[in-house]
file data17.cif (mmCIF, C-alpha atoms)
data_run
loop_
_atom_site.label_atom_id
_atom_site.label_comp_id
_atom_site.auth_asym_id
_atom_site.auth_seq_id
_atom_site.Cartn_x
_atom_site.Cartn_y
_atom_site.Cartn_z
CA MET A 20 129.55 -23.34 229.09
CA ASN A 21 130.99 -24.48 225.78
CA ILE A 22 130.36 -27.64 223.85
CA THR A 23 131.37 -28.78 220.37
CA LEU A 24 128.41 -28.94 217.99
CA ASN A 25 129.02 -30.48 214.56
CA GLY A 26 132.71 -29.75 214.89
CA SER A 27 132.38 -26.11 215.96
CA ARG A 28 132.54 -24.48 219.38
CA HIS A 29 129.08 -23.61 220.63
CA SER A 30 127.96 -21.80 223.75
CA VAL A 31 124.95 -23.12 225.72
CA ALA A 32 123.31 -22.32 229.05
CA ASP A 33 124.77 -24.15 232.05
CA ASP A 34 121.59 -26.15 232.62
CA ALA A 35 121.05 -27.00 228.94
CA SER A 36 119.73 -30.40 227.93
CA ILE A 37 119.83 -31.91 224.46
CA THR A 38 116.21 -30.80 224.03
CA THR A 39 117.19 -27.18 224.75
CA LEU A 40 120.02 -27.36 222.23
CA ILE A 41 118.02 -29.03 219.41
CA SER A 42 115.10 -26.69 219.89
CA HIS A 43 117.42 -23.69 219.71
CA ILE A 44 119.26 -24.89 216.58
CA THR A 45 116.22 -26.07 214.62
CA GLY A 46 113.93 -23.26 215.78
CA ARG A 47 111.26 -25.86 216.57
CA SER A 48 109.47 -26.29 219.87
CA LEU A 49 109.98 -29.78 221.32
CA ALA A 50 107.89 -31.82 223.74
CA ALA A 51 109.50 -33.85 226.53
CA ASN A 52 109.23 -36.98 224.32
CA GLY A 53 111.49 -35.34 221.73
CA GLN A 54 108.78 -34.85 219.10
CA ALA A 55 108.15 -31.41 217.58
CA THR A 56 105.07 -29.76 219.07
CA ASP A 57 103.94 -28.61 215.59
CA GLY A 58 103.10 -32.24 214.81
CA GLN A 59 105.56 -32.44 211.87
CA LYS A 60 108.45 -34.88 211.89
CA LEU A 61 111.70 -33.38 213.07
CA GLY A 62 113.94 -35.66 210.98
CA VAL A 63 117.12 -35.21 213.00
CA ALA A 64 119.23 -37.43 215.25
CA VAL A 65 121.82 -36.75 217.91
CA ALA A 66 125.08 -38.37 218.91
CA HIS A 67 126.34 -37.23 222.31
CA ASN A 68 130.01 -38.05 222.94
CA SER A 69 129.79 -40.67 220.16
CA GLU A 70 126.67 -42.37 221.55
CA VAL A 71 123.35 -42.08 219.75
CA VAL A 72 120.75 -40.60 222.11
CA PRO A 73 117.15 -41.73 221.43
CA ARG A 74 114.81 -38.75 221.19
CA SER A 75 112.91 -39.98 224.24
CA GLN A 76 116.10 -39.37 226.25
CA TRP A 77 116.90 -35.88 224.95
CA PHE A 78 114.96 -34.12 227.71
CA VAL A 79 116.75 -35.92 230.52
CA THR A 80 120.22 -35.79 228.98
CA ALA A 81 122.12 -32.84 230.44
CA LEU A 82 125.05 -31.32 228.60
CA ALA A 83 128.38 -30.74 230.28
CA GLU A 84 131.35 -28.50 229.51
CA GLY A 85 133.40 -29.87 226.62
CA ASP A 86 130.74 -32.34 225.41
CA ASP A 87 130.74 -33.33 221.76
CA VAL A 88 127.40 -33.26 219.96
CA GLU A 89 126.68 -34.32 216.39
CA LEU A 90 123.30 -33.28 214.99
CA VAL A 91 122.44 -34.91 211.65
CA THR A 92 119.60 -34.95 209.16
CA ALA A 93 118.73 -36.39 205.74
CA VAL A 94 120.37 -34.73 202.74
CA GLN A 95 120.61 -35.57 199.05
CA GLY A 96 122.72 -38.62 198.42
CA GLY A 97 123.03 -42.16 197.18
CA MET V 4 107.49 -33.35 176.49
CA THR V 5 105.55 -36.18 177.99
CA VAL V 6 105.77 -39.71 176.75
CA THR V 7 102.62 -41.70 177.27
CA SER V 8 102.39 -45.41 176.96
CA ASN V 9 100.05 -48.26 177.56
CA ILE V 10 102.60 -50.67 178.96
CA SER V 11 100.64 -53.17 180.92
CA THR V 12 101.67 -56.00 183.12
CA GLN V 13 98.32 -57.74 182.75
CA ASN V 14 99.91 -60.77 181.09
CA LEU V 15 102.16 -61.44 184.07
CA PRO V 16 101.04 -63.63 186.92
CA GLU V 17 100.06 -60.95 189.43
CA ALA V 18 101.45 -62.52 192.57
CA ALA V 19 104.74 -63.41 190.90
CA ASP V 20 105.46 -59.87 189.83
CA ARG V 21 105.12 -57.86 192.98
CA LEU V 22 108.30 -56.56 194.51
CA VAL V 23 108.01 -57.22 198.20
CA ILE V 24 110.87 -56.25 200.49
CA ASP V 25 110.63 -56.95 204.21
CA GLY V 26 106.86 -57.37 203.81
CA VAL V 27 106.47 -54.00 202.09
CA GLU V 28 105.02 -54.02 198.58
CA LEU V 29 106.57 -51.49 196.23
CA GLY V 30 104.67 -50.38 193.13
CA SER V 31 107.83 -49.60 191.18
CA ARG V 32 111.00 -51.59 190.67
CA LEU V 33 112.97 -48.38 190.25
CA ILE V 34 114.69 -47.18 193.41
CA MET V 35 116.06 -43.67 193.13
CA GLY V 36 118.95 -41.91 194.75
CA THR V 37 118.85 -38.18 195.35
CA GLY V 38 122.52 -37.25 194.95
CA GLY V 39 123.70 -34.87 192.28
CA ALA V 40 120.50 -32.89 191.68
CA PRO V 41 121.21 -29.18 191.28
CA SER V 42 117.88 -28.09 192.77
CA LEU V 43 115.28 -29.57 195.06
CA ASP V 44 112.43 -28.60 192.71
CA GLY V 45 114.12 -30.35 189.80
CA LEU V 46 114.73 -33.39 191.96
CA GLY V 47 111.07 -33.54 192.99
CA ALA V 48 109.95 -33.41 189.36
CA ALA V 49 112.40 -36.16 188.38
CA LEU V 50 111.33 -38.40 191.25
CA LEU V 51 107.67 -37.99 190.36
CA ALA V 52 108.33 -38.70 186.68
CA SER V 53 110.29 -41.83 187.57
CA GLY V 54 107.37 -43.31 189.51
CA THR V 55 109.73 -44.44 192.27
CA GLU V 56 108.29 -45.40 195.65
CA LEU V 57 111.62 -45.79 197.47
CA THR V 58 114.42 -43.26 197.52
CA THR V 59 117.78 -43.03 199.23
CA VAL V 60 119.09 -40.15 201.30
CA ALA V 61 122.43 -39.55 203.00
CA MET V 62 122.91 -38.48 206.62
CA ARG V 63 124.94 -35.33 207.17
CA ARG V 64 125.41 -32.59 209.74
CA TYR V 65 122.33 -30.44 210.19
CA SER V 66 122.62 -26.99 208.68
CA PRO V 67 119.94 -24.41 209.59
CA ALA V 68 120.22 -22.93 206.06
CA GLU V 69 118.96 -26.10 204.36
CA SER V 70 116.79 -27.42 207.17
CA GLY V 71 115.14 -30.72 206.38
CA SER V 72 113.60 -29.76 203.06
CA LEU V 73 114.55 -32.99 201.28
CA PHE V 74 113.00 -35.04 204.07
CA GLN V 75 109.81 -32.98 203.77
CA LEU V 76 109.79 -33.32 199.97
CA LEU V 77 109.84 -37.12 200.21
CA VAL V 78 107.24 -37.16 202.96
CA ASP V 79 104.99 -34.85 200.88
CA HIS V 80 105.27 -37.12 197.82
CA GLY V 81 104.60 -40.27 199.85
CA ILE V 82 107.98 -41.74 198.86
CA ARG V 83 109.45 -44.19 201.33
CA ILE V 84 112.93 -43.25 202.57
CA LEU V 85 115.94 -45.54 202.43
CA PRO V 86 118.79 -43.88 204.35
CA ASN V 87 122.31 -44.85 203.35
CA THR V 88 125.71 -44.90 204.98
CA ALA V 89 127.44 -43.13 202.09
CA GLY V 90 130.87 -41.81 202.99
CA CYS V 91 131.63 -44.50 205.58
CA PHE V 92 134.96 -46.28 205.27
CA THR V 93 134.68 -48.53 208.34
CA ALA V 94 132.07 -50.83 209.85
CA ARG V 95 132.14 -48.67 213.01
CA ASP V 96 131.20 -45.50 211.11
CA ALA V 97 128.55 -47.34 209.12
CA VAL V 98 126.89 -48.76 212.24
CA MET V 99 126.92 -45.34 213.92
CA THR V 100 125.45 -43.68 210.80
CA ALA V 101 122.76 -46.37 210.56
CA GLU V 102 121.80 -45.81 214.20
CA LEU V 103 121.50 -42.06 213.60
CA ALA V 104 119.41 -42.66 210.46
CA ARG V 105 117.05 -45.01 212.32
CA GLU V 106 116.58 -42.41 215.02
CA ALA V 107 116.15 -39.44 212.67
CA LEU V 108 113.97 -41.06 210.02
CA GLU V 109 112.17 -43.72 212.06
CA THR V 110 113.00 -46.61 209.74
CA ASP V 111 115.10 -49.71 210.33
CA TRP V 112 115.87 -50.00 206.60
CA ILE V 113 119.44 -49.07 205.77
CA LYS V 114 121.37 -49.06 202.52
CA LEU V 115 124.76 -50.19 203.74
CA GLU V 116 127.68 -48.65 201.90
CA VAL V 117 131.16 -49.19 203.25
CA ILE V 118 133.61 -47.98 200.67
CA ALA V 119 137.33 -48.64 200.36
CA ASP V 120 138.58 -45.36 198.94
CA GLU V 121 137.35 -42.19 197.29
CA GLN V 122 138.90 -42.92 193.93
CA THR V 123 136.98 -46.12 193.17
CA LEU V 124 134.16 -45.84 195.74
CA LEU V 125 134.19 -49.65 195.57
CA PRO V 126 132.77 -51.57 198.54
CA ASP V 127 135.31 -52.79 201.09
CA ALA V 128 134.28 -56.44 201.36
CA VAL V 129 135.81 -57.06 204.78
CA GLU V 130 134.23 -54.02 206.45
CA LEU V 131 130.96 -54.69 204.60
CA VAL V 132 130.67 -58.20 206.01
CA ASP V 133 131.49 -56.96 209.52
CA ALA V 134 128.95 -54.11 209.31
CA THR V 135 126.23 -56.37 207.88
CA GLU V 136 126.61 -58.77 210.78
CA GLN V 137 126.51 -56.00 213.38
CA LEU V 138 123.53 -54.24 211.83
CA VAL V 139 121.49 -57.43 211.43
CA ASN V 140 122.16 -58.17 215.12
CA ARG V 141 120.89 -54.68 215.99
CA GLY V 142 117.63 -55.32 214.16
CA PHE V 143 118.30 -53.40 210.96
CA LYS V 144 117.00 -54.45 207.55
CA VAL V 145 120.24 -54.30 205.61
CA PHE V 146 120.29 -53.46 201.89
CA ALA V 147 123.91 -54.31 201.21
CA TYR V 148 125.69 -52.42 198.44
CA THR V 149 128.25 -54.91 197.22
CA ASN V 150 130.68 -55.80 194.46
CA ASP V 151 129.51 -57.91 191.53
CA ASP V 152 130.95 -60.90 193.37
CA PRO V 153 128.61 -63.93 193.53
CA VAL V 154 130.46 -65.39 196.52
CA LEU V 155 130.26 -62.21 198.57
CA ALA V 156 126.61 -61.68 197.65
CA LEU V 157 125.72 -65.10 199.03
CA ARG V 158 127.76 -64.43 202.17
CA LEU V 159 125.80 -61.23 202.80
CA GLU V 160 122.51 -63.04 202.31
CA ASN V 161 123.58 -65.75 204.75
CA LEU V 162 124.47 -63.08 207.31
CA GLY V 163 120.88 -61.88 207.13
CA ALA V 164 120.90 -59.09 204.55
CA THR V 165 117.37 -58.16 203.46
CA ALA V 166 118.51 -57.39 199.90
CA VAL V 167 121.82 -57.57 198.07
CA MET V 168 122.74 -54.73 195.75
CA PRO V 169 125.60 -55.55 193.39
CA LEU V 170 127.11 -52.74 191.38
CA GLY V 171 126.93 -52.63 187.59
CA ALA V 172 130.00 -50.36 187.50
CA PRO V 173 131.59 -47.93 189.99
CA ILE V 174 129.32 -45.20 191.38
CA GLY V 175 128.70 -42.29 189.03
CA THR V 176 130.61 -43.74 186.06
CA GLY V 177 127.61 -44.49 183.85
CA LEU V 178 129.54 -47.43 182.38
CA GLY V 179 126.53 -49.74 182.58
CA ILE V 180 126.77 -53.40 183.59
CA LEU V 181 130.39 -54.43 183.21
CA ASN V 182 129.92 -58.07 184.19
CA PRO V 183 126.46 -59.28 183.18
CA HIS V 184 127.50 -62.89 183.73
CA ASN V 185 128.25 -62.28 187.40
CA ILE V 186 124.98 -60.39 187.88
CA GLU V 187 123.09 -63.35 186.38
CA LEU V 188 124.98 -65.71 188.65
CA ILE V 189 124.14 -63.61 191.72
CA VAL V 190 120.47 -63.58 190.73
CA SER V 191 120.36 -67.32 190.07
CA ARG V 192 121.59 -68.18 193.58
CA ALA V 193 119.91 -65.46 195.65
CA SER V 194 116.77 -65.97 197.67
CA VAL V 195 116.57 -62.32 198.74
CA PRO V 196 115.83 -59.47 196.32
CA VAL V 197 118.74 -58.47 194.09
CA VAL V 198 118.93 -54.78 193.25
CA LEU V 199 121.36 -53.63 190.55
CA ASP V 200 122.94 -50.57 192.11
CA ALA V 201 125.40 -48.06 190.62
CA GLY V 202 127.00 -47.58 187.23
CA ILE V 203 123.78 -47.19 185.25
CA GLY V 204 124.21 -44.66 182.44
CA THR V 205 121.00 -44.73 180.47
CA ALA V 206 117.65 -46.46 180.19
CA SER V 207 118.88 -49.52 178.27
CA ASP V 208 121.27 -50.36 181.13
CA ALA V 209 118.31 -50.58 183.50
CA ALA V 210 116.35 -52.70 181.05
CA LEU V 211 119.34 -55.06 180.79
CA ALA V 212 119.54 -55.35 184.58
CA MET V 213 115.92 -56.45 184.66
CA GLU V 214 116.45 -58.85 181.74
CA LEU V 215 119.30 -60.43 183.71
CA GLY V 216 116.75 -61.17 186.42
CA CYS V 217 117.35 -58.40 188.95
CA ASP V 218 114.36 -57.55 191.12
CA ALA V 219 114.93 -53.80 190.98
CA VAL V 220 117.38 -51.13 189.88
CA LEU V 221 118.82 -48.31 191.98
CA LEU V 222 120.28 -45.23 190.32
CA ALA V 223 120.76 -41.51 190.90
CA THR V 224 123.36 -39.84 188.72
CA ALA V 225 121.91 -41.13 185.43
CA VAL V 226 118.77 -39.12 186.19
CA THR V 227 119.91 -36.24 188.37
CA ARG V 228 122.77 -35.26 186.06
CA ALA V 229 120.95 -35.94 182.78
CA GLN V 230 120.31 -32.89 180.61
CA ASN V 231 116.61 -33.30 181.30
CA PRO V 232 116.27 -35.17 184.60
CA ALA V 233 112.47 -35.46 184.58
CA LEU V 234 112.44 -36.88 181.05
CA MET V 235 115.20 -39.33 181.95
CA GLY V 236 113.29 -40.31 185.08
CA GLU V 237 110.33 -41.20 182.92
CA ALA V 238 112.59 -43.13 180.51
CA PHE V 239 113.86 -45.25 183.41
CA LYS V 240 110.34 -45.88 184.62
CA HIS V 241 109.50 -47.52 181.28
CA ALA V 242 112.90 -49.21 180.90
CA VAL V 243 112.49 -51.11 184.16
CA ILE V 244 109.00 -52.24 183.16
CA ALA V 245 110.17 -53.23 179.67
CA GLY V 246 113.12 -55.22 181.00
CA ARG V 247 110.93 -56.99 183.53
CA LEU V 248 108.38 -57.93 180.87
CA ALA V 249 111.11 -59.14 178.51
CA LYS V 250 112.56 -61.35 181.24
CA ALA V 251 109.14 -62.84 181.92
CA ALA V 252 108.43 -63.27 178.21
CA GLY V 253 111.59 -65.30 177.59
CA ARG V 254 114.00 -64.09 174.95
CA ILE V 255 114.93 -66.12 171.88
CA PRO V 256 118.22 -67.99 171.97
CA ARG V 257 121.19 -66.36 170.27
CA ARG V 258 122.13 -68.03 166.95
CA GLU V 259 125.26 -67.92 164.88
CA HIS V 260 123.49 -67.79 161.52
CA ALA V 261 120.38 -66.11 160.21
CA LEU V 262 117.00 -67.75 160.52
CA ALA V 263 114.39 -66.63 157.97
CA SER V 264 111.13 -65.58 159.49
CA SER V 265 109.29 -65.87 156.18
CA ALA V 266 108.68 -69.36 154.78
CA MET V 267 110.63 -70.22 151.61
CA GLU V 268 107.82 -72.52 150.47
CA GLY V 269 105.26 -71.10 148.03
CA ARG V 270 107.44 -68.39 146.58
CA ALA V 271 106.49 -67.14 143.13
CA GLU V 272 108.93 -68.15 140.40
CA PHE V 273 110.04 -65.74 137.69
CA LEU V 274 111.35 -67.00 134.40
#

call {"tool": "encode", "arguments": {"input": "data17.cif", "output": "structure tokens"}}
result
Amino acid sequence: MNITLNGSRHSVADDASITTLISHITGRSLAANGQATDGQKLGVAVAHNSEVVPRSQWFVTALAEGDDVELVTAVQGG
Amino acid sequence: MTVTSNISTQNLPEAADRLVIDGVELGSRLIMGTGGAPSLDGLGAALLASGTELTTVAMRRYSPAESGSLFQLLVDHGIRILPNTAGCFTARDAVMTAELAREALETDWIKLEVIADEQTLLPDAVELVDATEQLVNRGFKVFAYTNDDPVLALRLENLGATAVMPLGAPIGTGLGILNPHNIELIVSRASVPVVLDAGIGTASDAALAMELGCDAVLLATAVTRAQNPALMGEAFKHAVIAGRLAKAAGRIPRREHALASSAMEGRAEFL
């Protein structure tokens, strides 16, 4: 199925959760609690259809066709 | 080139001179931004030279090419992160950005910027007040970037802002402190920390902010776009200390006419 990730069309598996997506994009392995399994901070956050999803909910949040996902991190600024 | 100095704060009452924000003690009154640095290595060197212990970051779409290196740099240097809502024009966007920052960076501190337009980058007072109220209600510690307006600053404090951050001049202009009187007025009535934010061009501007009574200074461009960012970072480190000491020491009053510092009495007379 297709979703919109950071404004661009993105293809994901039909049973994908937010955890699946974030793990794929960041190349980091994620535990069910949303923390990276390498013990380092992940430093990203997710808005799913304009609602912020706490990392503890990533694993149980399924994606659906046409969903809008924003994945953000800290960059230089201010 | 490294400038060494023996500036000491030993003559200041210890307890009176600690900057404490939301129960967190900061060892430096210089808060740095990270915008405008051409390279991450250069930025790291400038931040270290500045002695800052609190640094702002912006929240933007994740890009695999530049994955999280700034975040890691700050974590590695033990610098506390103050996420901002730069680029937000409405309270709604600012609240959303703050929520994402809290989730990504695991801090409830937020530098709230709600700007009116891209030409001036001046705070939009109406949206700023709305966003401050919403964020305080959601449990955020709001560092409100505001105009040099004493009335608005007090409003933000009364809404529960953790710190108020009046601008010296518009962001990135380097024009210094355009209305020192208003900054003094804001300081005199505030009971939360006042951080002079934006418009700083060079070290003397930061010293002046501290002499006016500000609790801290926040700047980015003046360092990151200086010809030698690390050297300028170090200059600001000393400027903030110097200004703070001068404020505590109490400056002499301004006079219209000269006042001799050598006694006239006992002069030799020549025939």

call {"tool": "residues_around", "arguments": {"input": "data17.cif", "residues": "segment 69-81 of chain A", "least_positions_apart": "3", "cutoff": "7 Å", "atoms": "all atoms listed in the file", "output": "list in words"}}
result
Ala35, Ser36, Ile37, Thr38, Ala51, Asn52, Gly53, Val65 and Ala66 of chain A; Glu102, Leu103 and Glu106 of chain V

call {"tool": "resolve_selection", "arguments": {"input": "data17.cif", "expression": "the PyMOL selection byres ((chain V) within 6 of (chain A))", "output": "list in words"}}
result
Gly36, Thr37, Gly38, Thr59, Val60, Ala61, Met62, Arg63, Arg64, Tyr65, Leu103, Glu106, Ala107 and Leu108 of chain V

call {"tool": "atom_distance", "arguments": {"input": "data17.cif", "atom1": "atom CA of Gly81 of chain V", "atom2": "atom CA of Glu237 of chain V"}}
result
17.9 Å

call {"tool": "residues_near_point", "arguments": {"input": "data17.cif", "point": "(113.8, -60.2, 189.6)", "cutoff": "9 Å", "atoms": "all atoms listed in the file", "output": "JSON, numbers by chain"}}
result
{"V": [20, 22, 190, 196, 197, 198, 213, 214, 215, 216, 217, 218, 219, 247, 250]}

call {"tool": "atom_distance", "arguments": {"input": "data17.cif", "atom1": "atom CA of Ala166 of chain V", "atom2": "atom CA of Leu199 of chain V"}}
result
10.5 Å

call {"tool": "resolve_selection", "arguments": {"input": "data17.cif", "expression": "the PyMOL selection byres ((chain V and resi 83-92) around 10)", "output": "PyMOL selection string"}}
result
(chain A and resi 93-94+96-97) or (chain V and resi 29+34-36+55-63+74+77-78+80-82+93-101+103-105+107-121+124+126-127+130-131+145-148)

call {"tool": "atom_distance", "arguments": {"input": "data17.cif", "atom1": "atom CA of Glu160 of chain V", "atom2": "atom CA of Gly54 of chain V"}}
result
28.0 Å

call {"tool": "residues_around", "arguments": {"input": "data17.cif", "residues": "Arg47 of chain A", "least_positions_apart": "6", "cutoff": "9 Å", "atoms": "all atoms listed in the file", "output": "NGL selection string"}}
result
:A and (41 or 55-57 or 61)

call {"tool": "resolve_selection", "arguments": {"input": "data17.cif", "expression": "the PyMOL selection byres ((chain V and resi 136) around 10)", "output": "ChimeraX atom specification"}}
result
/V:94,130-135,137-141,143,145,159,161-164

call {"tool": "residues_around", "arguments": {"input": "data17.cif", "residues": "Pro41 of chain V", "least_positions_apart": "2", "cutoff": "12 Å", "atoms": "all atoms listed in the file", "output": "PDB file with C-alpha atoms, in the frame of the given file"}}
result
ATOM      1  CA  GLN A  95     120.610 -35.570 199.050  1.00  0.00           C
ATOM      2  CA  GLY A  96     122.720 -38.620 198.420  1.00  0.00           C
TER       3      GLY A  96
ATOM      4  CA  THR V  37     118.850 -38.180 195.350  1.00  0.00           C
ATOM      5  CA  GLY V  38     122.520 -37.250 194.950  1.00  0.00           C
ATOM      6  CA  GLY V  39     123.700 -34.870 192.280  1.00  0.00           C
ATOM      7  CA  LEU V  43     115.280 -29.570 195.060  1.00  0.00           C
ATOM      8  CA  ASP V  44     112.430 -28.600 192.710  1.00  0.00           C
ATOM      9  CA  GLY V  45     114.120 -30.350 189.800  1.00  0.00           C
ATOM     10  CA  LEU V  46     114.730 -33.390 191.960  1.00  0.00           C
ATOM     11  CA  GLY V  47     111.070 -33.540 192.990  1.00  0.00           C
ATOM     12  CA  ALA V  49     112.400 -36.160 188.380  1.00  0.00           C
ATOM     13  CA  THR V 224     123.360 -39.840 188.720  1.00  0.00           C
ATOM     14  CA  VAL V 226     118.770 -39.120 186.190  1.00  0.00           C
ATOM     15  CA  THR V 227     119.910 -36.240 188.370  1.00  0.00           C
ATOM     16  CA  ARG V 228     122.770 -35.260 186.060  1.00  0.00           C
ATOM     17  CA  ALA V 229     120.950 -35.940 182.780  1.00  0.00           C
ATOM     18  CA  GLN V 230     120.310 -32.890 180.610  1.00  0.00           C
ATOM     19  CA  ASN V 231     116.610 -33.300 181.300  1.00  0.00           C
ATOM     20  CA  PRO V 232     116.270 -35.170 184.600  1.00  0.00           C
TER      21      PRO V 232
END

call {"tool": "closest_residue", "arguments": {"input": "data17.cif", "among": "V:Gly175, V:Leu181, V:Glu268, V:Pro67", "to": "His43 of chain A", "atoms": "only C-alpha atoms"}}
result
V:Pro67

call {"tool": "axis_aligned_box", "arguments": {"input": "data17.cif", "around": "segment 108-122 of chain V", "padding_each_side": "8 Å", "output": "lines of an AutoDock Vina configuration file"}}
result
center_x = 125.5
center_y = -45.6
center_z = 203.0
size_x = 42.7
size_y = 25.1
size_z = 34.1

call {"tool": "closest_residue", "arguments": {"input": "data17.cif", "among": "V:Ser66, V:Ile186, V:Pro173, V:Ala242", "to": "Val154 of chain V", "atoms": "only C-alpha atoms"}}
result
V:Ile186

call {"tool": "residues_around", "arguments": {"input": "data17.cif", "residues": "Asp87 of chain A", "least_positions_apart": "5", "cutoff": "6 Å", "atoms": "all atoms listed in the file", "output": "JSON, numbers by chain"}}
result
{"A": [23, 67, 68]}

call {"tool": "closest_residue", "arguments": {"input": "data17.cif", "among": "V:Ala238, V:Ala212, V:Ala128, V:Ala266", "to": "Ala156 of chain V", "atoms": "only C-alpha atoms"}}
result
V:Ala128

call {"tool": "residues_around", "arguments": {"input": "data17.cif", "residues": "Met20 of chain A", "least_positions_apart": "4", "cutoff": "12 Å", "atoms": "only C-alpha atoms", "output": "list in words"}}
result
Arg28, His29, Ser30, Val31, Ala32, Asp33, Asp34, Ala35, Leu82, Ala83, Glu84, Gly85 and Asp86 of chain A

call {"tool": "decode", "arguments": {"input": "data17.cif", "residues": "segment 195-210 of chain V", "atoms": "N, CA, C and O atoms", "output": "mmCIF file, in the first residue's frame"}}
result
data_model
loop_
_atom_site.group_PDB
_atom_site.id
_atom_site.type_symbol
_atom_site.label_atom_id
_atom_site.label_comp_id
_atom_site.auth_asym_id
_atom_site.auth_seq_id
_atom_site.Cartn_x
_atom_site.Cartn_y
_atom_site.Cartn_z
ATOM 1 N N VAL V 195 10.679 36.000 36.284
ATOM 2 C CA VAL V 195 11.252 34.803 35.646
ATOM 3 C C VAL V 195 12.521 35.259 34.925
ATOM 4 O O VAL V 195 12.687 36.456 34.680
ATOM 5 N N PRO V 196 13.410 34.325 34.581
ATOM 6 C CA PRO V 196 14.626 34.732 33.875
ATOM 7 C C PRO V 196 14.317 35.461 32.561
ATOM 8 O O PRO V 196 13.394 35.086 31.835
ATOM 9 N N VAL V 197 15.105 36.511 32.301
ATOM 10 C CA VAL V 197 14.993 37.251 31.046
ATOM 11 C C VAL V 197 16.240 36.942 30.207
ATOM 12 O O VAL V 197 17.366 37.126 30.660
ATOM 13 N N VAL V 198 16.012 36.438 29.009
ATOM 14 C CA VAL V 198 17.108 36.082 28.124
ATOM 15 C C VAL V 198 17.048 36.992 26.893
ATOM 16 O O VAL V 198 16.045 37.000 26.189
ATOM 17 N N LEU V 199 18.099 37.778 26.674
ATOM 18 C CA LEU V 199 18.142 38.616 25.479
ATOM 19 C C LEU V 199 18.396 37.697 24.288
ATOM 20 O O LEU V 199 19.404 36.995 24.224
ATOM 21 N N ASP V 200 17.471 37.714 23.344
ATOM 22 C CA ASP V 200 17.525 36.751 22.247
ATOM 23 C C ASP V 200 17.419 37.490 20.918
ATOM 24 O O ASP V 200 16.502 38.261 20.722
ATOM 25 N N ALA V 201 18.343 37.253 20.037
ATOM 26 C CA ALA V 201 18.299 37.754 18.653
ATOM 27 C C ALA V 201 18.832 39.173 18.492
ATOM 28 O O ALA V 201 18.638 40.025 19.356
ATOM 29 N N GLY V 202 19.503 39.383 17.379
ATOM 30 C CA GLY V 202 19.983 40.711 17.013
ATOM 31 C C GLY V 202 21.410 40.998 17.440
ATOM 32 O O GLY V 202 21.991 42.000 17.037
ATOM 33 N N ILE V 203 21.985 40.126 18.259
ATOM 34 C CA ILE V 203 23.347 40.340 18.743
ATOM 35 C C ILE V 203 24.329 40.274 17.564
ATOM 36 O O ILE V 203 24.248 39.361 16.742
ATOM 37 N N GLY V 204 25.232 41.257 17.503
ATOM 38 C CA GLY V 204 26.185 41.286 16.397
ATOM 39 C C GLY V 204 27.594 40.932 16.819
ATOM 40 O O GLY V 204 28.309 40.212 16.121
ATOM 41 N N THR V 205 27.985 41.426 17.995
ATOM 42 C CA THR V 205 29.339 41.150 18.462
ATOM 43 C C THR V 205 29.369 41.138 19.991
ATOM 44 O O THR V 205 28.341 41.377 20.647
ATOM 45 N N ALA V 206 30.545 40.837 20.532
ATOM 46 C CA ALA V 206 30.649 40.566 21.961
ATOM 47 C C ALA V 206 30.120 41.701 22.837
ATOM 48 O O ALA V 206 29.473 41.453 23.860
ATOM 49 N N SER V 207 30.382 42.948 22.441
ATOM 50 C CA SER V 207 29.952 44.075 23.289
ATOM 51 C C SER V 207 28.430 44.139 23.418
ATOM 52 O O SER V 207 27.906 44.605 24.441
ATOM 53 N N ASP V 208 27.697 43.669 22.407
ATOM 54 C CA ASP V 208 26.229 43.642 22.505
ATOM 55 C C ASP V 208 25.788 42.702 23.628
ATOM 56 O O ASP V 208 24.836 42.982 24.367
ATOM 57 N N ALA V 209 26.481 41.569 23.745
ATOM 58 C CA ALA V 209 26.135 40.603 24.792
ATOM 59 C C ALA V 209 26.492 41.158 26.172
ATOM 60 O O ALA V 209 25.743 40.985 27.131
ATOM 61 N N ALA V 210 27.626 41.847 26.244
ATOM 62 C CA ALA V 210 28.013 42.458 27.518
ATOM 63 C C ALA V 210 26.971 43.488 27.940
ATOM 64 O O ALA V 210 26.571 43.551 29.104
#
